[in-house]
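Asks: First the structure, then my questions, so here it is.
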Amino acid sequence: MMNLFRRYPLPVIVIAQLFGTSLWFSVNGVWLSFSRELVLTESDLGLMTLSVQAGFISGTLLLAVTGLADRFGASVMFAVASVVGALVNAGFILAAGVFPLALVLRFLTGLCLAGIYPLGMKMVIAWTPRYAGAALAWLVGMLTLGTALPHLMRGATLGMPWQWPLAGASVLALIGAGLIWRLGDGPHLPKSAGPVPLRKGLVALGMPRFRAVAGGYMGHMWELYAFWMLTPLLVGRELDRLALPDSLVPWLAFAIIALGSLGCIGGGRLSRTRGSEWVARVALTTSGVFCLIYPLISGLPSGFLLLALCCWGLLSLPIRPSFPPWLLPMPLGNSSARPWQS
């Protein structure tokens, strides 16, 4: 089994990434039934989503500053983060009725995700350096599918308590941990010079090109995660207008978000011929236009708006694999200082 894993490392990594990142929006996938039972508002959903994002940002900074991934190995960190994330997500089921504690647990979930998504990127570079660009596109595509997966699990468990899909996400994360633990670290891991002081990372902000890329990426992430958070709510609104049952919400939400994985893979392929910068500009522009105009066209027929959401989902992701290669010409004096490796 070990030889089989090491012969095909990329499928192992992307499947583990798919399973591990199902923790990210696990609560969003069950939001309709969850919020009704606990009498929560859309603002509460925003706070829970924000808590995960804050945990993820804190975790990635912690990894970069401490060099933990270099000290213990990417595969070990990935596996441990997946196991702890699965336990924290399961703990949320028990503590969901205590809102402040629920927010803390969602923050800790984001902290664990910082050991899954970025470390998955590092493992891809270590195992498949010759095909890093295409491999990263697949990896980010799996992140998108992982984000959509809770909606699919909710659709498959309609009529069951909301706790079931959450527990399912924890089980998937544990399976992902086992896959990566068996695979181990790749033979081509770039040599690291150790932890990166925060002040050294901030030096990059003095580079105009880096500021432009970082600013574009921040805007893209702001829009993307807001879109992913609101997708089931926007879908539910249109189904209400069409007098269709809300049992369709998880299926449509999954389809809309999952379309982004196709856009991501397509963007990775297109960047080979048109260049990463061109793909990033076009994707940012089209996705940004959808974000700007959607509130202005909310009175149009529901069928048209659902189609618009599908197009938005497809066009929101081609940019993701374009950013890491765009940063490559910017040496920061340390291979581990590059965001796509840490």
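Identifiers in the structure tokens: chain A, B, ... in order shown; residue index from 1 per chain; ligand index from 1 in order shown.
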Do you know which residues are at most 8 Å from Trp312 (chain A) counting only C-alpha atoms, after dropping those on the same chain fewer than 3 positions away, and could you put them as a short mmCIF file (atom, residue, chain, number, x, y, z; two decimals) with all heavy atoms, in the first residue's frame?
Replies:
data_model
loop_
_atom_site.label_atom_id
_atom_site.label_comp_id
_atom_site.auth_asym_id
_atom_site.auth_seq_id
_atom_site.Cartn_x
_atom_site.Cartn_y
_atom_site.Cartn_z
N SER A 287 -15.19 38.04 -12.04
CA SER A 287 -15.78 37.69 -10.74
C SER A 287 -16.19 38.95 -9.98
O SER A 287 -17.25 39.00 -9.35
CB SER A 287 -14.78 36.87 -9.93
OG SER A 287 -15.34 36.46 -8.71
N PHE A 290 -19.48 40.33 -11.32
CA PHE A 290 -20.63 39.59 -10.78
C PHE A 290 -20.95 40.05 -9.36
O PHE A 290 -22.12 40.22 -9.00
CB PHE A 290 -20.34 38.09 -10.79
CG PHE A 290 -20.76 37.39 -12.04
CD1 PHE A 290 -19.83 37.08 -13.02
CD2 PHE A 290 -22.09 37.07 -12.28
CE1 PHE A 290 -20.20 36.43 -14.19
CE2 PHE A 290 -22.48 36.43 -13.44
CZ PHE A 290 -21.53 36.11 -14.41
N ALA A 308 -27.04 33.00 -13.02
CA ALA A 308 -25.97 33.95 -12.72
C ALA A 308 -25.09 33.44 -11.58
O ALA A 308 -23.86 33.58 -11.61
CB ALA A 308 -26.55 35.32 -12.37
N LEU A 309 -25.70 32.83 -10.57
CA LEU A 309 -24.92 32.26 -9.47
C LEU A 309 -24.02 31.13 -9.96
O LEU A 309 -22.88 31.00 -9.50
CB LEU A 309 -25.86 31.75 -8.37
CG LEU A 309 -26.57 32.81 -7.53
CD1 LEU A 309 -27.58 32.16 -6.58
CD2 LEU A 309 -25.57 33.65 -6.73
N LEU A 315 -16.63 31.23 -12.45
CA LEU A 315 -15.62 32.24 -12.77
C LEU A 315 -14.88 32.79 -11.56
O LEU A 315 -13.97 33.60 -11.72
CB LEU A 315 -16.29 33.40 -13.54
CG LEU A 315 -16.88 33.02 -14.90
CD1 LEU A 315 -17.67 34.19 -15.47
CD2 LEU A 315 -15.78 32.61 -15.86
N SER A 316 -15.26 32.37 -10.37
CA SER A 316 -14.62 32.92 -9.17
C SER A 316 -13.31 32.24 -8.83
O SER A 316 -12.55 32.74 -7.99
CB SER A 316 -15.57 32.81 -7.98
OG SER A 316 -15.86 31.44 -7.70
#
Asks: Can you tell me, as a PyMOL selection string, what residues are no more than 12 Å from region 232-236 of chain A when counting only C-alpha atoms, ignoring any on the same chain fewer than 2 positions away?
Replies: chain A and resi 25+27-33+35+41-42+45-46+148+150-152+154-155+226-230+238-257+294-295+298+302-310
Asks: Which is closer to Ser75 (chain A) than all the others in A:Gly176, A:Gly110, A:Gly20, A:Gly184, using only C-alpha atoms?
Replies: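 Result for the nearest residue to Ser75 (chain A): A:Gly184.
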Asks: Name the residues in contact with region 82-94 of chain A at a cut-off of 8 Å, using only C-alpha atoms, excluding same-chain residues fewer than 6 positions from it; report them as a list in words.
Replies: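 Counting only C-alpha atoms, the residues come to Gly20, Leu23, Ala102, Leu105, Arg106, Leu108, Thr109, Cys112, Leu113, Gly115, Ile116, Gln163, Leu166, Ala167, Ala169, Ser170, Val171, Ala173, Leu174, Gly176 and Ala177 of chain A.
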Asks: Just all heavy atoms for this one: save the residues we selected as a short mmCIF file (atom, residue, chain, number, x, y, z; two decimals), in the first residue's frame.
Replies:
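Final file, again12.cif:
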data_model
loop_
_atom_site.label_atom_id
_atom_site.label_comp_id
_atom_site.auth_asym_id
_atom_site.auth_seq_id
_atom_site.Cartn_x
_atom_site.Cartn_y
_atom_site.Cartn_z
N GLY A 20 -10.10 16.87 4.22
CA GLY A 20 -9.74 17.76 5.32
C GLY A 20 -10.45 19.10 5.27
O GLY A 20 -10.90 19.63 6.30
N LEU A 23 -14.11 20.46 6.63
CA LEU A 23 -14.35 21.09 7.93
C LEU A 23 -14.63 22.58 7.80
O LEU A 23 -15.25 23.19 8.68
CB LEU A 23 -13.14 20.89 8.85
CG LEU A 23 -12.71 19.46 9.15
CD1 LEU A 23 -11.39 19.47 9.92
CD2 LEU A 23 -13.79 18.74 9.95
N ALA A 102 -19.22 28.14 20.81
CA ALA A 102 -19.29 27.72 19.41
C ALA A 102 -18.35 28.55 18.55
O ALA A 102 -17.67 28.03 17.65
CB ALA A 102 -20.72 27.83 18.89
N LEU A 105 -14.78 27.38 19.09
CA LEU A 105 -14.51 26.12 18.40
C LEU A 105 -14.37 26.32 16.90
O LEU A 105 -13.56 25.65 16.25
CB LEU A 105 -15.63 25.12 18.70
CG LEU A 105 -15.65 24.59 20.15
CD1 LEU A 105 -16.89 23.74 20.39
CD2 LEU A 105 -14.39 23.78 20.44
N ARG A 106 -15.13 27.24 16.34
CA ARG A 106 -14.97 27.53 14.92
C ARG A 106 -13.61 28.20 14.65
O ARG A 106 -12.97 27.97 13.63
CB ARG A 106 -16.11 28.42 14.40
CG ARG A 106 -17.46 27.75 14.37
CD ARG A 106 -17.43 26.41 13.67
NE ARG A 106 -17.24 26.55 12.22
CZ ARG A 106 -16.91 25.55 11.43
NH1 ARG A 106 -16.68 24.34 11.94
NH2 ARG A 106 -16.77 25.72 10.14
N LEU A 108 -10.91 27.60 16.39
CA LEU A 108 -9.94 26.51 16.47
C LEU A 108 -9.98 25.64 15.21
O LEU A 108 -8.95 25.11 14.78
CB LEU A 108 -10.23 25.66 17.71
CG LEU A 108 -9.99 26.36 19.06
CD1 LEU A 108 -10.39 25.45 20.21
CD2 LEU A 108 -8.53 26.79 19.20
N THR A 109 -11.17 25.51 14.62
CA THR A 109 -11.27 24.78 13.35
C THR A 109 -10.44 25.48 12.27
O THR A 109 -9.70 24.84 11.52
CB THR A 109 -12.73 24.68 12.89
OG1 THR A 109 -13.50 23.99 13.89
CG2 THR A 109 -12.84 23.92 11.58
N CYS A 112 -6.78 24.84 12.73
CA CYS A 112 -6.38 23.52 12.22
C CYS A 112 -6.31 23.51 10.70
O CYS A 112 -5.44 22.86 10.10
CB CYS A 112 -7.36 22.46 12.71
SG CYS A 112 -7.32 22.17 14.49
N LEU A 113 -7.22 24.23 10.05
CA LEU A 113 -7.20 24.28 8.59
C LEU A 113 -5.92 24.90 8.06
O LEU A 113 -5.51 24.60 6.93
CB LEU A 113 -8.41 25.05 8.08
CG LEU A 113 -9.74 24.30 8.16
CD1 LEU A 113 -10.92 25.25 8.04
CD2 LEU A 113 -9.82 23.20 7.10
N GLY A 115 -3.12 24.09 8.98
CA GLY A 115 -2.20 22.97 8.84
C GLY A 115 -2.60 22.00 7.76
O GLY A 115 -1.91 21.00 7.55
N ILE A 116 -3.71 22.27 7.08
CA ILE A 116 -4.19 21.37 6.02
C ILE A 116 -3.97 21.98 4.65
O ILE A 116 -3.22 21.43 3.82
CB ILE A 116 -5.68 21.03 6.24
CG1 ILE A 116 -5.87 20.29 7.58
CG2 ILE A 116 -6.22 20.21 5.07
CD1 ILE A 116 -7.32 20.03 7.93
N GLN A 163 -26.70 17.24 12.99
CA GLN A 163 -25.43 16.75 13.54
C GLN A 163 -24.77 15.70 12.63
O GLN A 163 -23.54 15.55 12.65
CB GLN A 163 -25.66 16.14 14.93
CG GLN A 163 -26.02 17.15 16.00
CD GLN A 163 -27.52 17.37 16.14
OE1 GLN A 163 -28.28 17.08 15.19
NE2 GLN A 163 -27.97 17.87 17.27
N LEU A 166 -22.21 17.10 10.07
CA LEU A 166 -21.04 17.59 10.79
C LEU A 166 -20.16 16.43 11.22
O LEU A 166 -18.93 16.48 11.10
CB LEU A 166 -21.48 18.40 12.02
CG LEU A 166 -21.95 19.83 11.76
CD1 LEU A 166 -22.44 20.46 13.04
CD2 LEU A 166 -20.84 20.67 11.16
N ALA A 167 -20.77 15.38 11.75
CA ALA A 167 -20.00 14.20 12.13
C ALA A 167 -19.34 13.57 10.92
O ALA A 167 -18.19 13.09 10.99
CB ALA A 167 -20.91 13.19 12.83
N ALA A 169 -18.21 15.14 8.28
CA ALA A 169 -17.03 15.94 7.95
C ALA A 169 -15.85 15.54 8.83
O ALA A 169 -14.70 15.48 8.38
CB ALA A 169 -17.34 17.43 8.09
N SER A 170 -16.10 15.28 10.11
CA SER A 170 -15.03 14.85 11.02
C SER A 170 -14.46 13.51 10.60
O SER A 170 -13.24 13.29 10.63
CB SER A 170 -15.55 14.78 12.46
OG SER A 170 -15.81 16.07 12.97
N VAL A 171 -15.33 12.59 10.19
CA VAL A 171 -14.87 11.28 9.74
C VAL A 171 -14.00 11.42 8.49
O VAL A 171 -12.93 10.79 8.37
CB VAL A 171 -16.06 10.35 9.46
CG1 VAL A 171 -15.61 9.06 8.77
CG2 VAL A 171 -16.79 10.00 10.76
N ALA A 173 -12.21 14.02 7.61
CA ALA A 173 -10.93 14.61 8.00
C ALA A 173 -10.00 13.56 8.60
O ALA A 173 -8.78 13.57 8.36
CB ALA A 173 -11.16 15.75 8.99
N LEU A 174 -10.55 12.63 9.36
CA LEU A 174 -9.73 11.56 9.94
C LEU A 174 -9.18 10.64 8.84
O LEU A 174 -8.02 10.20 8.91
CB LEU A 174 -10.56 10.75 10.93
CG LEU A 174 -10.94 11.46 12.24
CD1 LEU A 174 -11.87 10.59 13.07
CD2 LEU A 174 -9.69 11.81 13.05
N GLY A 176 -8.57 11.59 5.76
CA GLY A 176 -7.53 12.38 5.12
C GLY A 176 -6.23 12.35 5.90
O GLY A 176 -5.14 12.26 5.33
N ALA A 177 -6.34 12.43 7.23
CA ALA A 177 -5.15 12.36 8.07
C ALA A 177 -4.42 11.04 7.88
O ALA A 177 -3.18 10.99 7.78
CB ALA A 177 -5.54 12.54 9.54
#
Asks: Which value, in Å to one decimal, gives the distance between CA of Leu262 (chain A) and CA of Leu119 (chain A)?
Replies: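 Distance reported for this atom pair: 22.3 Å.
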Asks: Would you mind telling me which residue in A:Val289, A:Leu143, A:Ala81, A:Leu10 lies nearest to Gly260 (chain A) when using only C-alpha atoms?
Replies: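 Checking each of A:Val289, A:Leu143, A:Ala81, A:Leu10 against Gly260 (chain A), counting only C-alpha atoms, the winner is A:Leu143.
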Asks: Using only C-alpha atoms for the distances, tell me which of A:Ile13, A:Leu40, A:Val76, A:Met142 is nearest to Thr128 (chain A).
Replies: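 Closest to Thr128 (chain A) of all the choices is A:Ile13.
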